[in-house]
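Working notes for the structure below.
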Amino acid sequence: SDLDEVVAFLALGLRSHGLRTAVLHTGPGASGRLAEVLSRAGIEVVVAADADAKYWIREWGPQVISAHEASPWVLDQARGMGIPYVEVLHGMHSLFDCDWAVEAERSRHITAIIAVSELVRLQYLRAVPSLPASRVVTIPNGVDDQRRRRVDRSAARAALGLRDEFLFVSLARQ
């Protein structure tokens with residue numbers, strides 16, 4: 001998934017800066033290909049159900065947890081161990097059905113929130129006005145230029161049958 005790609009990109013980037021990094025995947029559908037790429041780079045990848053994952057977190061002893069749409073128990077585990085918890089908010093879609101009073105209480109225990117756009121940051125702060133704005137920062141998703149295929153613009157427009165038409169591209173998830 002796109003989210004797995006982002007997590008892998010971040011893990012590899014952190015590793016390149018000399019940080020000991022691991023990826024814990026607790027949900028269904030962990031990507032075998034990305035797990036192999038990360039493992040070859042020396043990054044520990046763990047796919048585990050809740051109980052085993054809680055044990056792994058205690059044993060591994062991270063200094064910080066960066067969460068991407070993690071299950072609620074991960075924040076509880078971090079709190080119980082005194083580990084700073086940084087949540088990456090990829091969009092408001094993951095909060096469409098949330099109870100904002102519950103989210104406001106939950107956010108009190110999050111060390112920081114990284115929003116992938118200023119719009120997402122402002123939307124979250126509008127929904128949770130009790131959260132200090134300084135705890136929600138905008139860091140746009142990076143683009144892995146090594147994996148982006150270069151295409152000649154004229155050739156691409158010709159292949160699409162476009163002449164002078166305006167081409168609008170929207171990148172979104174389902």
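In the structure tokens, chains take the letters A, B, ... in the order shown, each chain's residues start at 1, and ligands count up from 1 in the order shown.
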Skipping near chain neighbours, those fewer than 5 positions away, what residues fall within 9 Å of His90 (chain A) using only C-alpha atoms, listed as a PyMOL selection string?
chain A and resi 3+68-69+114-117+120+141
Show which residues sit within 9 Å of Val46 (chain A), as a list in words. Count only C-alpha atoms, and ignore same-chain residues fewer than 5 positions away.
Ala22, Val23, Leu24, His25, Thr26, Ala35, Ala53 and Trp56 of chain A
Would you mind telling me which residue in A:Val88, A:Val64, A:Ile83, A:Leu122 lies nearest to Leu19 (chain A) when using only C-alpha atoms?
A:Val64
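Shortest separation to Val45 (chain A) among A:Thr138, A:Gln77, A:Gln63, A:Thr21 occurs at residue A:Thr21, atoms counted being only C-alpha atoms.
Counting only C-alpha atoms, the residue from A:Leu160, A:Ala101, A:Arg58, A:Leu12 that sits nearest to Ala41 (chain A) is A:Leu12.
With only C-alpha atoms taken into account, the protein and nucleic acid residues at most 6 Å from region 131-135 of chain A (excluding it and anything under 2 positions from it in its own chain) are Ala112, Val128 and Pro129 of chain A.
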Find the residues near Arg79 (chain A): any atom within 10 Å, counting only C-alpha atoms, skip ones fewer than 5 places away on the same chain, and give them as a PyMOL selection string.
chain A and resi 73-74+84-85+109-111
Using only C-alpha atoms, the residue out of A:Ala8, A:Ile57, A:Arg20, A:Leu125 with shortest distance to Leu38 (chain A) is A:Ala8
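Reported to one decimal place, the separation of CA of His17 (chain A) from CA of Ala70 (chain A) is 24.4 Å.
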In region 93-162 of chain A, what's helix (DSSP H, G or I) per DSSP? Answer as an MDAnalysis selection string?
chainID A and resid 93:95 100:107 118:127 133:135 153:159
Export N, CA, C and O atoms of the chosen residues as a compact mmCIF listing (two decimals), in the first residue's frame?
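Contents of the output file selection-v2.txt:
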```txt
# COMPACT_ATOMS: atom_id res chain seq x y z
N HIS A 93 -9.15 11.65 6.38
CA HIS A 93 -9.99 10.50 6.07
C HIS A 93 -9.97 9.44 7.17
O HIS A 93 -10.95 8.75 7.38
N SER A 94 -8.85 9.32 7.87
CA SER A 94 -8.76 8.30 8.92
C SER A 94 -9.54 8.71 10.17
O SER A 94 -9.71 7.90 11.08
N LEU A 95 -10.04 9.95 10.20
CA LEU A 95 -10.78 10.46 11.36
C LEU A 95 -12.23 10.84 11.03
O LEU A 95 -12.90 11.46 11.86
N TRP A 100 -14.91 13.37 18.37
CA TRP A 100 -13.90 14.40 18.56
C TRP A 100 -13.57 14.65 20.02
O TRP A 100 -12.45 15.06 20.35
N ALA A 101 -14.50 14.38 20.91
CA ALA A 101 -14.20 14.52 22.35
C ALA A 101 -13.20 13.45 22.76
O ALA A 101 -12.25 13.71 23.52
N VAL A 102 -13.37 12.24 22.26
CA VAL A 102 -12.43 11.14 22.54
C VAL A 102 -11.08 11.45 21.90
O VAL A 102 -10.03 11.24 22.51
N GLU A 103 -11.11 11.98 20.68
CA GLU A 103 -9.85 12.32 19.99
C GLU A 103 -9.11 13.42 20.73
O GLU A 103 -7.88 13.38 20.84
N ALA A 104 -9.83 14.39 21.26
CA ALA A 104 -9.18 15.46 22.02
C ALA A 104 -8.49 14.90 23.25
O ALA A 104 -7.35 15.28 23.56
N GLU A 105 -9.13 13.97 23.94
CA GLU A 105 -8.51 13.34 25.12
C GLU A 105 -7.30 12.51 24.69
O GLU A 105 -6.24 12.57 25.31
N ARG A 106 -7.43 11.74 23.62
CA ARG A 106 -6.32 10.91 23.12
C ARG A 106 -5.14 11.79 22.73
O ARG A 106 -3.99 11.46 23.02
N SER A 107 -5.41 12.91 22.09
CA SER A 107 -4.32 13.77 21.61
C SER A 107 -3.49 14.35 22.75
O SER A 107 -2.33 14.72 22.54
N GLU A 118 -0.29 21.45 5.23
CA GLU A 118 -0.77 22.52 6.11
C GLU A 118 -2.29 22.47 6.23
O GLU A 118 -2.84 22.75 7.29
N LEU A 119 -2.97 22.07 5.17
CA LEU A 119 -4.42 21.94 5.22
C LEU A 119 -4.84 20.89 6.25
O LEU A 119 -5.72 21.14 7.08
N VAL A 120 -4.19 19.73 6.24
CA VAL A 120 -4.50 18.68 7.21
C VAL A 120 -4.20 19.18 8.62
O VAL A 120 -4.98 18.94 9.56
N ARG A 121 -3.10 19.87 8.81
CA ARG A 121 -2.76 20.44 10.12
C ARG A 121 -3.86 21.36 10.63
O ARG A 121 -4.32 21.23 11.76
N LEU A 122 -4.29 22.28 9.79
CA LEU A 122 -5.32 23.24 10.19
C LEU A 122 -6.67 22.56 10.44
O LEU A 122 -7.38 22.92 11.38
N GLN A 123 -7.00 21.56 9.64
CA GLN A 123 -8.24 20.82 9.86
C GLN A 123 -8.22 20.11 11.21
O GLN A 123 -9.21 20.12 11.94
N TYR A 124 -7.10 19.50 11.53
CA TYR A 124 -7.00 18.79 12.81
C TYR A 124 -7.09 19.77 13.98
O TYR A 124 -7.81 19.52 14.95
N LEU A 125 -6.37 20.87 13.88
CA LEU A 125 -6.40 21.85 14.96
C LEU A 125 -7.80 22.48 15.11
O LEU A 125 -8.21 22.80 16.22
N ARG A 126 -8.52 22.63 14.03
CA ARG A 126 -9.89 23.15 14.11
C ARG A 126 -10.79 22.13 14.81
O ARG A 126 -11.66 22.50 15.60
N ALA A 127 -10.55 20.85 14.57
CA ALA A 127 -11.37 19.79 15.19
C ALA A 127 -10.98 19.55 16.64
O ALA A 127 -11.81 19.11 17.44
N ALA A 133 -1.20 24.34 19.17
CA ALA A 133 -0.82 24.31 17.75
C ALA A 133 0.64 23.92 17.56
O ALA A 133 1.00 23.33 16.53
N SER A 134 1.49 24.20 18.54
CA SER A 134 2.92 23.88 18.42
C SER A 134 3.18 22.38 18.39
O SER A 134 4.26 21.95 18.01
N ARG A 135 2.20 21.57 18.80
CA ARG A 135 2.39 20.12 18.81
C ARG A 135 1.96 19.45 17.52
O ARG A 135 2.06 18.23 17.38
N ARG A 153 7.82 14.81 -21.32
CA ARG A 153 6.49 15.43 -21.25
C ARG A 153 5.78 15.37 -22.61
O ARG A 153 4.61 15.02 -22.70
N SER A 154 6.47 15.73 -23.68
CA SER A 154 5.84 15.73 -25.01
C SER A 154 5.41 14.33 -25.41
O SER A 154 4.31 14.13 -25.95
N ALA A 155 6.25 13.35 -25.13
CA ALA A 155 5.92 11.97 -25.47
C ALA A 155 4.72 11.47 -24.65
O ALA A 155 3.85 10.77 -25.17
N ALA A 156 4.67 11.85 -23.39
CA ALA A 156 3.55 11.44 -22.53
C ALA A 156 2.25 12.06 -23.02
O ALA A 156 1.21 11.39 -23.09
N ARG A 157 2.27 13.35 -23.37
CA ARG A 157 1.06 14.01 -23.87
C ARG A 157 0.61 13.38 -25.19
O ARG A 157 -0.58 13.16 -25.41
N ALA A 158 1.57 13.04 -26.04
CA ALA A 158 1.23 12.41 -27.32
C ALA A 158 0.61 11.03 -27.08
O ALA A 158 -0.37 10.66 -27.72
N ALA A 159 1.18 10.28 -26.15
CA ALA A 159 0.65 8.94 -25.85
C ALA A 159 -0.77 9.02 -25.30
O ALA A 159 -1.57 8.10 -25.51
```
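Listed by chain and then by rising number, the residues of region 64-103 of chain A that DSSP assigns to strand (DSSP E) from the backbone are Ile65, Ser66, Ala67, His68, Tyr85, Val86, Glu87, Val88 and Leu89 of chain A.
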Quick check, in Å to one decimal: how far apart do CA of Glu36 (chain A) and CA of Ala11 (chain A) lie?
12.9 Å
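Minimum atom-to-atom distance to Ala67 (chain A), evaluated using only C-alpha atoms, belongs to A:Val7 out of A:Ala49, A:Val7, A:Val37, A:Leu14.
Nearest to Ile139 (chain A) of all the residues A:Ile43, A:Ile65, A:Leu89, A:Leu162 is A:Leu89, based on only C-alpha atoms.
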